[in-house]
Structure formats: C-alpha cells, structure tokens
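*Asks:* If you scroll down you'll find the structure; I have some questions about it.
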Amino acid sequence: MGKANGMIRSSMIYSAFTLLSRLFGFVRDLAVSYRLGASATFAADAFNAAFAFPNLFRRIFAEGAFAAAFVPAYSKSLATDGEEVADVLAADAMATLAAATIAITVFAELTMPWLMYLIAPGFAANPEKFKLAIILTQITMPYLPCMAIYAHLSGVLNGRNRFILSASAPILLNIWTLITVLPATSPVQAAYAASWGVVLAGISQAALLWWGVRKSGARVDLRWPRLTPQIKALIALAVPGAIAASASQINVFVSGMLVSQVNGARSWLAVCDRLYLLPQGLVGVAIGVALLPRLSRAVHAGDKTESSTAIDEAIVFAMALTLPAAAALVAMPFFLIDALYTRGAFTLVDAHATAGALLQYGWGVPAFVLQQLVSRVFFASQDTKTPMRYALVSVALNVVAGLALFQLIGVPGIAAATSLASWVNVAMMTTTLLRRGLYVPQAKAVSRLLRIMAASAVLGLVLGAASHYRDIIQGLFGAVRLGPLGPKEFSVAIVSMASAALYPALLFASGGLTPADVRYAFRRRKGEAAAPVIGEPPLG
C-alpha cells in the first residue's frame, strides 16, 4: 500500500495545483464571455474556433498524451542507462517534436484560408465571421510548438517525479488572457486581444518549464533533430498514443465542426468545455500522470498483481471524485450556467442553450476520466496502437451519432454523441484488458465503486431538488449584493458548499471510501522509495 499511498498523494497534490489553474481559467472564461458574448456577436465563435485548433494539440500534448508515450521510455532509460544517456534521448525527442510542430504551424498559417472550411465549415455563410476566424487562428497557431515543448519538458520532469511546474504553468495562459482581454472595448477588439494573449502565454509556459528542467538537474540541450533508432521507436509509440489518449478532445473538436453553422453554438460548447472537462483535468490527468510510472515499473517487473492493484486504486479514487461532479452537471445545468455566466454580452438565451448541452455532457464525464486511466494500462505495456484504433472508432461514432442526434434535438445532440462515443471507447478498452488478462478488478474495488455510485446518486437527487426550488433559495438572499454578485450567485455558491459538505458524509456512510483511506493516502511513510517526490529538491 506504500506505493498506492504515494500515487494517490501525488495525484492529489497535482490536482491541487491543477485546481488553482482551473480556477484562474474559470475567471478567464468569465472575462471572455463577458466581453465577447456568444450568439449576439460573431466574434465569440471566431475566437473559440481560433483557440480550439491549436488547443486541440495542447490537450493532446500538454495534458499527458505525449508524456504517456515518452515518460515510460525516459524513465526506463534513467533506470538502465543513466541520466546522461536519458537526457540525450530527451533532447533528441524535443528537437524532433519542435521541428514537427513548427512545420505543422507553418503549413497551417499558409493554408488557413482553405483549412478554415474544415475547421468551421458553417462560418463560410458569414464572410466577416469567416475572415475573422482565419486571422485569429493564424495569430494563435504559434501556441502549438510552444505547447509541444512545454509538454515534452513536463514529461522530463514527470519522469524525474516532479509534477508541480507542469501542473501550475497553465495559470500563465489565464493570466495573459485576462491582461489582454479586459481592456478591450468591443467584441472584435477583445477577440484579437485574447488571441495575442494565447501566444504570449505559450512562450511563457515553455520558458518556465525550460527553467524548471534545468533546475531539476536534467540537461536537455537544444540541438538539430536526429532520427535515431530510439527516436524512431518513440515516434512509433507516441503518434498512436497521442491519438488514443486524446479521443475525447478530438470528439470535442469534431463537435465544434458539426455545429459551426449555428451562430453562438461554438461558444456554448466552449463554456460547457470548462465545466465538464474540469474533472478530467483535475482527476483523470492527475491520477493518470501519477499512475503511469507505477504501472510501468510493475509491467517491467512482470508483477500483474501490483499492476491490477494500482489500476483499482486509481479507478476507485477517480470515480469518488468524478461521479459527484457528473451528478451536479446532470442535476442542475441551468442553475450553474445562469449563475456563473449570464452577464454582459452572454444572454439568457445563451444560458439555456448552453445548459441543454451541458446536461448531455454530464453523463459522459466519468467516461472522459476513465479514458485517461484505462489508456495508461496500454501505454505502460508500450501498446499504443490498440487504444489508437479504439479512439478512431470512437471519433467515427461521434460523427455519425452527432449528425443523427443534431437533426433530432439540435446542439444538445452533439454533446450526447460525444458522451456516447466516450463510453463506447471505455467499454472497448476495458473489454480488451480483461480478455488479455492485463487487468482483473478485485471484488473489493467493484464493491466500492457500487457504493460510490449510490452516494453520488443520492447527491444528484439533492441537487436536483435544489435546482427545482431555485427561486425559493434565491429568495432567501432577497436584494443582497456584493459588487457584481447577487442572489443567483450567492444561491449557487451556498448549494455548492452544502453539497461539498454532504458528499463526504454520504461517501463514508456508504463505505465507498473511509476516513482511514483518505488519511492513509496523504501519510508519508519512512522508506517509501517508490512514491513520487513532489518538488524535492525545491525548484526555486
């Protein structure tokens, strides 16, 4: 249990820094939606499309997919070949990755007037919107190579059991966006400003991780790319691995393409993105990053018991944190969206449309997180092709189901298709692991999962009741105001805090987790060599 202790504690510390980043991101999104709106102006959709294209690659690389292929190879080289040889591998990999992403960026810059017909085909009906989206995407594209370098350096730090900088660096994106967008006086001006903020953030994040790697003692030097046998082997793993680990992000991007003809729809989905992907960033990526080194060691040692135990621990803790979030999104989507976003250029019409999509994303939240964890089992065995094939099936299903459901129920149908495709992806990967004998869940883990589901269901009923009686709850605050905050903001805050207090009681009462489990996860034990070292020695 010492290794599980280290993994869970590392995950929670990583999540704490990620939570800080996401809180800044929430403030950033409020500022962007306030200045740009959604359906009332074409600037919001143009910016969201421009940000989505390089951001797709940011999520593929920066949120663990490339690291999932690189970290096992780098960790193995550190253990068997020594730091000097491992750092040469890291330098060659960074040079190759930087060259590839710079080439993609240059190609995209030159072909964007035609590429936009693929990114957002519906924009072509509005020439002003189409032209603005092209210019903004050309501005934001340099974010891609910056994020590729950032992601790779994150992998170097993670391979050395240092996680803090890679978790906290995204805060810079939020800070730069706020600095640039808040002074803007019109939606179009704000869209330009936010796009330049994205580029400044990318440069800052890459520079911060470069400094962190140097402080860690690694020597990842700049060099021209070389296709050594080791790099060729890494590419063979990294490309399918990146596709596999980013199925949900690809599905989100495809969803944006499908709704591009509906004014405001890309912005509605972008607002949903902040809320329903929060558990994936806080839980799925965090636990996945901490799980991968432990799984890799177990696989190399041929210890199937340790491997299954690690997966059980990861899934139980991930679902304990994810299922209540899913319950909230399904039970009170409009309550959340209206209280958080309806102000400035973001109208009540936008809030209702966004809430409809958020509800459909809500029931897919556990699948978005499970994808991150289950795919790591394949990556630890250096099998990236199997999850890649399943990811491509998931994307194809998302397109087909999205087109069908969009005709039936509109924009919420796109969200429902994404959730459905993610659950199918999880089912395919899990079935394969069971068939190959790579993972056999223990009866205790299954029992805990059922208890966690029961606790989350009760929480969902309570939150559903709160949403139903929202007017009564808001009435308790009357005309209370604190700056921009009024009754609706106070009511959603009170309900959220009450549910945060209620859920642990439900969880402990059901037996899904016990207070002892939580205490054990954070207790440091003497001689716990396998536990990741967080920020030691200090990075500054």
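Labeling convention for the structure tokens: chains A, B, ... as they appear, residues from 1 per chain, ligands from 1 in order of appearance.
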If we count only C-alpha atoms, what is near Phe346 of chain A at a cut-off of 7 Å, once residues fewer than 3 positions away on the same chain are taken out, given as a list in words?
*Replies:* Ser33, Tyr34, Gly37, Ala38, Tyr341, Thr342, Arg343 and Asp350 of chain A
*Asks:* Taking the chain letters and numbering used in this document, name the residues of segment 58-273 of chain A that DSSP puts in helix (DSSP H, G or I), as a PyMOL selection string.
*Replies:* chain A and resi 58-62+65-80+83-119+121-125+127-140+143-159+164-168+171-181+187-216+229-245+247-258+265-273
*Asks:* Closest to Leu234 of chain A among A:Leu56, A:Ala465, A:Ile139, A:Leu89, using only C-alpha atoms?
*Replies:*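 Checking each of A:Leu56, A:Ala465, A:Ile139, A:Leu89 against Leu234 of chain A, counting only C-alpha atoms, the winner is A:Leu89.
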*Asks:* Between atom CA of Pro387 of chain A and atom CA of Ser375 of chain A, what is the distance, to one decimal in Å?
*Replies:*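 We find that atom CA of Pro387 of chain A and atom CA of Ser375 of chain A lie 6.4 Å from each other.
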*Asks:* Name the residues in contact with Trp224 of chain A at a cut-off of 12 Å, using only C-alpha atoms, excluding same-chain residues fewer than 5 positions from it; report them as an mmCIF file with N, CA and C atoms, in the first residue's frame.
*Replies:*
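Once written, part_13.cif looks like this:
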```
data_model
loop_
_atom_site.group_PDB
_atom_site.id
_atom_site.type_symbol
_atom_site.label_atom_id
_atom_site.label_comp_id
_atom_site.auth_asym_id
_atom_site.auth_seq_id
_atom_site.Cartn_x
_atom_site.Cartn_y
_atom_site.Cartn_z
ATOM 1 N N ALA A 91 16.614 15.240 -25.286
ATOM 2 C CA ALA A 91 16.981 16.349 -26.169
ATOM 3 C C ALA A 91 16.645 16.031 -27.620
ATOM 4 N N ASP A 92 16.960 14.801 -28.056
ATOM 5 C CA ASP A 92 16.628 14.400 -29.428
ATOM 6 C C ASP A 92 15.115 14.402 -29.648
ATOM 7 N N ALA A 93 14.384 13.929 -28.646
ATOM 8 C CA ALA A 93 12.923 13.888 -28.767
ATOM 9 C C ALA A 93 12.352 15.301 -28.848
ATOM 10 N N MET A 94 12.879 16.232 -28.041
ATOM 11 C CA MET A 94 12.375 17.602 -28.080
ATOM 12 C C MET A 94 12.676 18.264 -29.421
ATOM 13 N N ALA A 95 13.852 18.038 -29.948
ATOM 14 C CA ALA A 95 14.212 18.618 -31.243
ATOM 15 C C ALA A 95 13.288 18.121 -32.346
ATOM 16 N N THR A 96 13.005 16.822 -32.324
ATOM 17 C CA THR A 96 12.116 16.238 -33.337
ATOM 18 C C THR A 96 10.698 16.767 -33.188
ATOM 19 N N LEU A 97 10.224 16.825 -31.950
ATOM 20 C CA LEU A 97 8.872 17.306 -31.687
ATOM 21 C C LEU A 97 8.727 18.774 -32.072
ATOM 22 N N ALA A 98 9.721 19.594 -31.725
ATOM 23 C CA ALA A 98 9.674 21.017 -32.063
ATOM 24 C C ALA A 98 9.664 21.213 -33.575
ATOM 25 N N ALA A 99 10.507 20.461 -34.289
ATOM 26 C CA ALA A 99 10.565 20.588 -35.746
ATOM 27 C C ALA A 99 9.230 20.209 -36.382
ATOM 28 N N ALA A 100 8.636 19.133 -35.892
ATOM 29 C CA ALA A 100 7.360 18.673 -36.454
ATOM 30 C C ALA A 100 6.247 19.696 -36.225
#
```
*Asks:* For a test of reading the model, state the distance in Å between atom CA of Phe70 of chain A and atom CA of Thr432 of chain A, rounded to one decimal.
*Replies:*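 Rounded to one decimal, the two atoms are 23.1 Å apart.
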*Asks:* Using only C-alpha atoms, determine which residues lie at most 7 Å from Ala367 of chain A, disregarding the query and same-chain residues fewer than 4 positions distant; provide the list as a ChimeraX atom specification.
*Replies:* /A:371,422-423,426
*Asks:* Can I get the selected residues back with N, CA and C atoms, as a compact mmCIF listing (two decimals), in the first residue's frame?
*Replies:*
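Final output, saved to result_35.txt:
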```txt
# COMPACT_ATOMS: atom_id res chain seq x y z
N GLN A 371 -11.24 7.13 -19.64
CA GLN A 371 -10.40 7.01 -20.84
C GLN A 371 -8.94 7.31 -20.51
N SER A 422 -17.51 8.32 -25.99
CA SER A 422 -16.52 8.12 -24.93
C SER A 422 -16.80 6.85 -24.14
N TRP A 423 -18.07 6.60 -23.82
CA TRP A 423 -18.42 5.37 -23.10
C TRP A 423 -18.11 4.13 -23.94
N VAL A 426 -14.37 3.52 -23.72
CA VAL A 426 -14.01 2.90 -22.44
C VAL A 426 -14.38 1.42 -22.43
```
*Asks:* With distances taken over only C-alpha atoms, which of A:Thr514, A:Thr185, A:Asn126, A:Thr180 is nearest to Arg28 of chain A?
*Replies:*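 Among the listed residues, the smallest separation from Arg28 of chain A belongs to A:Thr180.
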